[in-house]
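**Q** Submitted below is the structure of interest, expressed as structure tokens.
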Amino acid sequence: MAIILEANQICQRIEKDNLTQLSLISTKLSLASVGVGQDNSANLYQLSQQKAAQKLGINYIPLNLPSDISYGDFKAQVDKINRDGKIDGIILNKPFPTEWKAKDEDVFSLISDKKDVEGMHPLNRGRFFSVDKQTVSSIIAFSSLEHLLISPTVLSVIAIINESFRKVNDTEGYRGKRVTLVGFSLIIGKMLVLFLGNELATVSVTHIGTDEKGDLPEYLRSADIVISAVGKPHLIKGEWIKKGAIVIDVGTAVEDGKAVGDMDFDKVKERAAVITPVPGGVGKLTVMFLYHNLILAHKLKSK
Ligand code: NAP
């Protein structure tokens, strides 16, 4: 039976660090969170952003734009926030309207890279290319002020894997581990593949093409670490998981009014050594790292 790794402890640590850093800053920081139309998962995420902002004393500015807004008008709104000196960070919440026919990466490139608290701007993604765990650790500890904002989801996954290694007394770390990523989006899979490769893990990338071929079980059965970020409830079955694997569930969908992950949780936990729950796992920590990035963005601005 797996250790169910709630993010509470790590979360408290990051919250404490954030509060310490905030106490050293004389101004109240502001975050603008922009959404288009209504989406259950995005609404949940915005709600948790707002709650955490209240806890930390951050000025949270939600901007919910109508679903029929044109790409041009959206761009003009983002530009206005980019130029607003009182706003330290911006989040553009997915999904974006399909009518825009714009790739996610084009939309994310509209934000100033210095206010890009989700680390999605092409410059921040480019800077992430050579990142290793030392760089990540120093960024988490606020001990390095590089011009780099890393996706809070990616930071959360890395922090949770490191904690999982500690829980199972694994002293070898990533080197030589077989990691299967499920989902290859800009925001998660494409970033993690770089980090894990730099750490000398052997990474398999799986996505919709793998599932269509019925090949997901094959790639999962040999994985020491599984990281899934799809958003399809119960996609991953218990019997596909290697005994003793570390299982990180990033997926968040809403089913019967509740947040659920990609794992067939009750079955997967029978075989895994460690599993993150949804809710209470990666998502919970992501919000704290989001504000960590807001503080970094503010510091970089004043550097
Ligand atoms: P996304 O851009 O839609 O990406 C989903 C990925 O999963 C794509 O690579 C997609 O492939 C792949 N996929 C779709 N169906 C699949 C299947 N049946 N088998 C395997 N792969 C499949 O979404 P995202 O923004 O990366 O978010 C993914 C999930 O993570 C969502 O549930 C989201 O709510 C959650 N999320 C959580 C956090 C957090 O901090 N907890 C943060 C961000 C996102 P194609 O593109 O080829 O279809």
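How things are named: the first chain in the structure tokens is A, the next is B, and so on; residues count from 1 in each chain; ligands count from 1 in the order shown.
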Name all residues at most 10 Å from Ser204 of chain A (count only C-alpha atoms; drop same-chain ones fewer than 2 positions away) and give them as a PyMOL selection string.

**A** chain A and resi 178-182+193+201-202+206+219-220+223+226

**Q** Write the residues of the preceding selection, restricted to N, CA, C and O atoms, as a PDB file, in the first residue's frame.

**A**
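Result saved to selection18.pdb:
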ATOM      1  N   ARG A 178      13.812   5.052 -14.630  1.00  0.00           N
ATOM      2  CA  ARG A 178      12.914   5.108 -15.785  1.00  0.00           C
ATOM      3  C   ARG A 178      11.696   5.952 -15.414  1.00  0.00           C
ATOM      4  O   ARG A 178      10.989   5.600 -14.463  1.00  0.00           O
ATOM      5  N   VAL A 179      11.523   7.028 -16.141  1.00  0.00           N
ATOM      6  CA  VAL A 179      10.394   7.920 -15.853  1.00  0.00           C
ATOM      7  C   VAL A 179       9.471   7.935 -17.062  1.00  0.00           C
ATOM      8  O   VAL A 179       9.927   8.125 -18.197  1.00  0.00           O
ATOM      9  N   THR A 180       8.190   7.696 -16.853  1.00  0.00           N
ATOM     10  CA  THR A 180       7.229   7.837 -17.952  1.00  0.00           C
ATOM     11  C   THR A 180       6.363   9.056 -17.697  1.00  0.00           C
ATOM     12  O   THR A 180       5.719   9.175 -16.654  1.00  0.00           O
ATOM     13  N   LEU A 181       6.405   9.975 -18.668  1.00  0.00           N
ATOM     14  CA  LEU A 181       5.545  11.158 -18.612  1.00  0.00           C
ATOM     15  C   LEU A 181       4.298  10.853 -19.426  1.00  0.00           C
ATOM     16  O   LEU A 181       4.401  10.362 -20.551  1.00  0.00           O
ATOM     17  N   VAL A 182       3.147  11.114 -18.871  1.00  0.00           N
ATOM     18  CA  VAL A 182       1.904  10.948 -19.635  1.00  0.00           C
ATOM     19  C   VAL A 182       1.367  12.364 -19.868  1.00  0.00           C
ATOM     20  O   VAL A 182       1.018  13.060 -18.920  1.00  0.00           O
ATOM     21  N   VAL A 193      10.577  16.998 -19.327  1.00  0.00           N
ATOM     22  CA  VAL A 193      11.466  16.122 -20.089  1.00  0.00           C
ATOM     23  C   VAL A 193      12.883  16.714 -20.093  1.00  0.00           C
ATOM     24  O   VAL A 193      13.880  15.973 -19.996  1.00  0.00           O
ATOM     25  N   ALA A 201      17.867  10.868 -15.917  1.00  0.00           N
ATOM     26  CA  ALA A 201      16.806   9.851 -15.872  1.00  0.00           C
ATOM     27  C   ALA A 201      16.574   9.394 -17.316  1.00  0.00           C
ATOM     28  O   ALA A 201      16.907  10.106 -18.262  1.00  0.00           O
ATOM     29  N   THR A 202      16.014   8.191 -17.464  1.00  0.00           N
ATOM     30  CA  THR A 202      15.669   7.703 -18.801  1.00  0.00           C
ATOM     31  C   THR A 202      14.181   7.979 -18.995  1.00  0.00           C
ATOM     32  O   THR A 202      13.347   7.387 -18.307  1.00  0.00           O
ATOM     33  N   THR A 206       4.858   9.934 -23.301  1.00  0.00           N
ATOM     34  CA  THR A 206       3.656   9.341 -23.899  1.00  0.00           C
ATOM     35  C   THR A 206       2.565  10.405 -23.964  1.00  0.00           C
ATOM     36  O   THR A 206       2.589  11.374 -23.218  1.00  0.00           O
ATOM     37  N   TYR A 219       4.399   1.298 -21.577  1.00  0.00           N
ATOM     38  CA  TYR A 219       5.354   2.312 -21.110  1.00  0.00           C
ATOM     39  C   TYR A 219       5.267   2.535 -19.606  1.00  0.00           C
ATOM     40  O   TYR A 219       6.225   2.960 -18.977  1.00  0.00           O
ATOM     41  N   LEU A 220       4.098   2.244 -19.034  1.00  0.00           N
ATOM     42  CA  LEU A 220       3.946   2.480 -17.596  1.00  0.00           C
ATOM     43  C   LEU A 220       4.495   1.320 -16.776  1.00  0.00           C
ATOM     44  O   LEU A 220       5.044   1.533 -15.693  1.00  0.00           O
ATOM     45  N   ALA A 223       7.994   1.743 -15.560  1.00  0.00           N
ATOM     46  CA  ALA A 223       8.391   3.050 -15.021  1.00  0.00           C
ATOM     47  C   ALA A 223       8.605   3.029 -13.512  1.00  0.00           C
ATOM     48  O   ALA A 223       7.737   2.591 -12.757  1.00  0.00           O
ATOM     49  N   VAL A 226       6.135   7.666 -12.429  1.00  0.00           N
ATOM     50  CA  VAL A 226       5.096   8.026 -13.410  1.00  0.00           C
ATOM     51  C   VAL A 226       4.650   9.451 -13.093  1.00  0.00           C
ATOM     52  O   VAL A 226       4.351   9.768 -11.941  1.00  0.00           O
TER      53      VAL A 226
END

**Q** Name the residues, by chain letter and number, that sit within 9 Å of ligand 1 using only C-alpha atoms and all ligand atoms, and give them as a ChimeraX atom specification.

**A** /A:41-42,45,94-95,104,151-154,156-157,181-190,206-212,216,228-233,235-236,249-254,260-262,278-279,281-287

**Q** So, counting only C-alpha atoms, which residue among A:Leu63, A:Leu47, A:Leu155, A:Ala2 is closest to Lys242 of chain A?

**A** A:Ala2

**Q** So that I can see what lies close to segment 72-81 of chain A, please list as a list of chain:residue names the residues with an atom at most 8 Å from it, counting only C-alpha atoms and leaving out residues fewer than 3 positions away in the same chain.

**A**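 The residues satisfying every condition are A:Ala32, A:Ile69, A:Asp84, A:Ile87, A:Ile90, A:Leu110, A:Ile111.
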
**Q** Hey, can you spit out that residue selection with C-alpha atoms as a short mmCIF file (atom, residue, chain, number, x, y, z; two decimals), in the first residue's frame?

**A**
data_model
loop_
_atom_site.label_atom_id
_atom_site.label_comp_id
_atom_site.auth_asym_id
_atom_site.auth_seq_id
_atom_site.Cartn_x
_atom_site.Cartn_y
_atom_site.Cartn_z
CA ALA A 32 -3.43 39.71 -12.20
CA ILE A 69 -13.52 38.28 -26.90
CA ASP A 84 1.00 48.65 -15.33
CA ILE A 87 1.22 44.72 -11.16
CA ILE A 90 0.36 37.88 -14.60
CA LEU A 110 2.01 38.05 -24.96
CA ILE A 111 3.00 38.43 -21.28
#

**Q** In Å to one decimal, how far is atom CA of Lys237 of chain A from atom CA of Leu194 of chain A?

**A**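 Here the two named atoms are 26.5 Å from each other.
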
**Q** Using Å and a single decimal, report how far atom CA of Ile150 of chain A sits from atom CA of Asp170 of chain A.

**A**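 Computing it gives 25.5 Å between the two atoms.
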
**Q** Taking the chain letters and numbering used in this document, name the residues of segment 131-175 of chain A that DSSP puts in helix (DSSP H, G or I), as number ranges by chain.

**A** A: 133-140, 152-167

**Q** Could you check which of A:Asn162, A:Ser130, A:Thr27, A:Ser138 is closest to Gly57 of chain A, using only C-alpha atoms?

**A**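 Among the listed residues, A:Thr27 lies closest to Gly57 of chain A.
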
**Q** Quick check, in Å to one decimal: how far apart do atom CA of Pro97 of chain A and atom CA of Asp68 of chain A lie?

**A** 7.9 Å

**Q** Please identify the strand (DSSP E) residues within segment 5-187 of chain A (assignment by DSSP from backbone atoms) and present them as number ranges by chain.

**A** A: 30-36, 59-65, 89-92, 178-182

**Q** Residues of the last selection are to be written out with N, CA, C and O atoms, as an mmCIF file, in the first residue's frame.

**A**
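Okay, result_20.cif is ready:
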data_model
loop_
_atom_site.group_PDB
_atom_site.id
_atom_site.type_symbol
_atom_site.label_atom_id
_atom_site.label_comp_id
_atom_site.auth_asym_id
_atom_site.auth_seq_id
_atom_site.Cartn_x
_atom_site.Cartn_y
_atom_site.Cartn_z
ATOM 1 N N SER A 30 1.066 42.591 -6.251
ATOM 2 C CA SER A 30 -0.196 42.382 -6.970
ATOM 3 C C SER A 30 -0.026 41.344 -8.068
ATOM 4 O O SER A 30 0.965 41.346 -8.806
ATOM 5 N N LEU A 31 -1.041 40.484 -8.157
ATOM 6 C CA LEU A 31 -1.063 39.473 -9.215
ATOM 7 C C LEU A 31 -2.354 39.610 -10.016
ATOM 8 O O LEU A 31 -3.447 39.627 -9.442
ATOM 9 N N ALA A 32 -2.234 39.689 -11.343
ATOM 10 C CA ALA A 32 -3.432 39.709 -12.204
ATOM 11 C C ALA A 32 -3.639 38.312 -12.777
ATOM 12 O O ALA A 32 -2.703 37.703 -13.301
ATOM 13 N N SER A 33 -4.850 37.787 -12.624
ATOM 14 C CA SER A 33 -5.152 36.439 -13.121
ATOM 15 C C SER A 33 -6.246 36.554 -14.191
ATOM 16 O O SER A 33 -7.385 36.885 -13.889
ATOM 17 N N VAL A 34 -5.856 36.287 -15.431
ATOM 18 C CA VAL A 34 -6.755 36.537 -16.562
ATOM 19 C C VAL A 34 -7.342 35.217 -17.061
ATOM 20 O O VAL A 34 -6.607 34.259 -17.320
ATOM 21 N N GLY A 35 -8.659 35.157 -17.171
ATOM 22 C CA GLY A 35 -9.324 33.968 -17.700
ATOM 23 C C GLY A 35 -10.281 34.385 -18.810
ATOM 24 O O GLY A 35 -10.736 35.525 -18.863
ATOM 25 N N VAL A 36 -10.581 33.442 -19.706
ATOM 26 C CA VAL A 36 -11.518 33.746 -20.791
ATOM 27 C C VAL A 36 -12.662 32.745 -20.726
ATOM 28 O O VAL A 36 -12.423 31.530 -20.798
ATOM 29 N N ASN A 59 -2.349 41.284 -3.230
ATOM 30 C CA ASN A 59 -3.475 41.888 -3.919
ATOM 31 C C ASN A 59 -3.785 41.049 -5.174
ATOM 32 O O ASN A 59 -2.997 41.032 -6.117
ATOM 33 N N TYR A 60 -4.909 40.342 -5.152
ATOM 34 C CA TYR A 60 -5.251 39.422 -6.250
ATOM 35 C C TYR A 60 -6.284 40.086 -7.145
ATOM 36 O O TYR A 60 -7.362 40.483 -6.683
ATOM 37 N N ILE A 61 -5.939 40.205 -8.422
ATOM 38 C CA ILE A 61 -6.841 40.910 -9.350
ATOM 39 C C ILE A 61 -7.346 39.934 -10.423
ATOM 40 O O ILE A 61 -6.643 39.656 -11.400
ATOM 41 N N PRO A 62 -8.564 39.371 -10.222
ATOM 42 C CA PRO A 62 -9.072 38.466 -11.256
ATOM 43 C C PRO A 62 -9.635 39.283 -12.418
ATOM 44 O O PRO A 62 -10.284 40.298 -12.203
ATOM 45 N N LEU A 63 -9.361 38.840 -13.624
ATOM 46 C CA LEU A 63 -9.905 39.538 -14.791
ATOM 47 C C LEU A 63 -10.545 38.474 -15.676
ATOM 48 O O LEU A 63 -9.840 37.726 -16.367
ATOM 49 N N ASN A 64 -11.869 38.357 -15.557
ATOM 50 C CA ASN A 64 -12.541 37.308 -16.324
ATOM 51 C C ASN A 64 -13.190 37.905 -17.562
ATOM 52 O O ASN A 64 -14.150 38.663 -17.477
ATOM 53 N N LEU A 65 -12.621 37.570 -18.705
ATOM 54 C CA LEU A 65 -13.045 38.176 -19.966
ATOM 55 C C LEU A 65 -14.114 37.302 -20.638
ATOM 56 O O LEU A 65 -14.125 36.074 -20.444
ATOM 57 N N GLY A 89 2.903 40.464 -11.340
ATOM 58 C CA GLY A 89 2.856 39.199 -12.066
ATOM 59 C C GLY A 89 1.527 38.993 -12.765
ATOM 60 O O GLY A 89 0.511 39.577 -12.374
ATOM 61 N N ILE A 90 1.577 38.165 -13.818
ATOM 62 C CA ILE A 90 0.358 37.881 -14.599
ATOM 63 C C ILE A 90 0.239 36.373 -14.833
ATOM 64 O O ILE A 90 1.234 35.711 -15.127
ATOM 65 N N ILE A 91 -0.998 35.897 -14.708
ATOM 66 C CA ILE A 91 -1.278 34.506 -15.094
ATOM 67 C C ILE A 91 -2.312 34.561 -16.193
ATOM 68 O O ILE A 91 -3.311 35.277 -16.074
ATOM 69 N N LEU A 92 -2.102 33.791 -17.242
ATOM 70 C CA LEU A 92 -3.146 33.619 -18.253
ATOM 71 C C LEU A 92 -3.684 32.206 -18.062
ATOM 72 O O LEU A 92 -2.950 31.230 -18.273
ATOM 73 N N ARG A 178 13.812 5.052 -14.630
ATOM 74 C CA ARG A 178 12.914 5.108 -15.785
ATOM 75 C C ARG A 178 11.696 5.952 -15.414
ATOM 76 O O ARG A 178 10.989 5.600 -14.463
ATOM 77 N N VAL A 179 11.523 7.028 -16.141
ATOM 78 C CA VAL A 179 10.394 7.920 -15.853
ATOM 79 C C VAL A 179 9.471 7.935 -17.062
ATOM 80 O O VAL A 179 9.927 8.125 -18.197
ATOM 81 N N THR A 180 8.190 7.696 -16.853
ATOM 82 C CA THR A 180 7.229 7.837 -17.952
ATOM 83 C C THR A 180 6.363 9.056 -17.697
ATOM 84 O O THR A 180 5.719 9.175 -16.654
ATOM 85 N N LEU A 181 6.405 9.975 -18.668
ATOM 86 C CA LEU A 181 5.545 11.158 -18.612
ATOM 87 C C LEU A 181 4.298 10.853 -19.426
ATOM 88 O O LEU A 181 4.401 10.362 -20.551
ATOM 89 N N VAL A 182 3.147 11.114 -18.871
ATOM 90 C CA VAL A 182 1.904 10.948 -19.635
ATOM 91 C C VAL A 182 1.367 12.364 -19.868
ATOM 92 O O VAL A 182 1.018 13.060 -18.920
#

**Q** Excluding segment 10-22 of chain A and residues on its chain fewer than 2 positions from it, collect all residues at most 12 Å away from it, counting only C-alpha atoms, and give them as a PyMOL selection string.

**A** chain A and resi 5-8+24-30+52-58+139-143+152+155-164+280-296+298-299
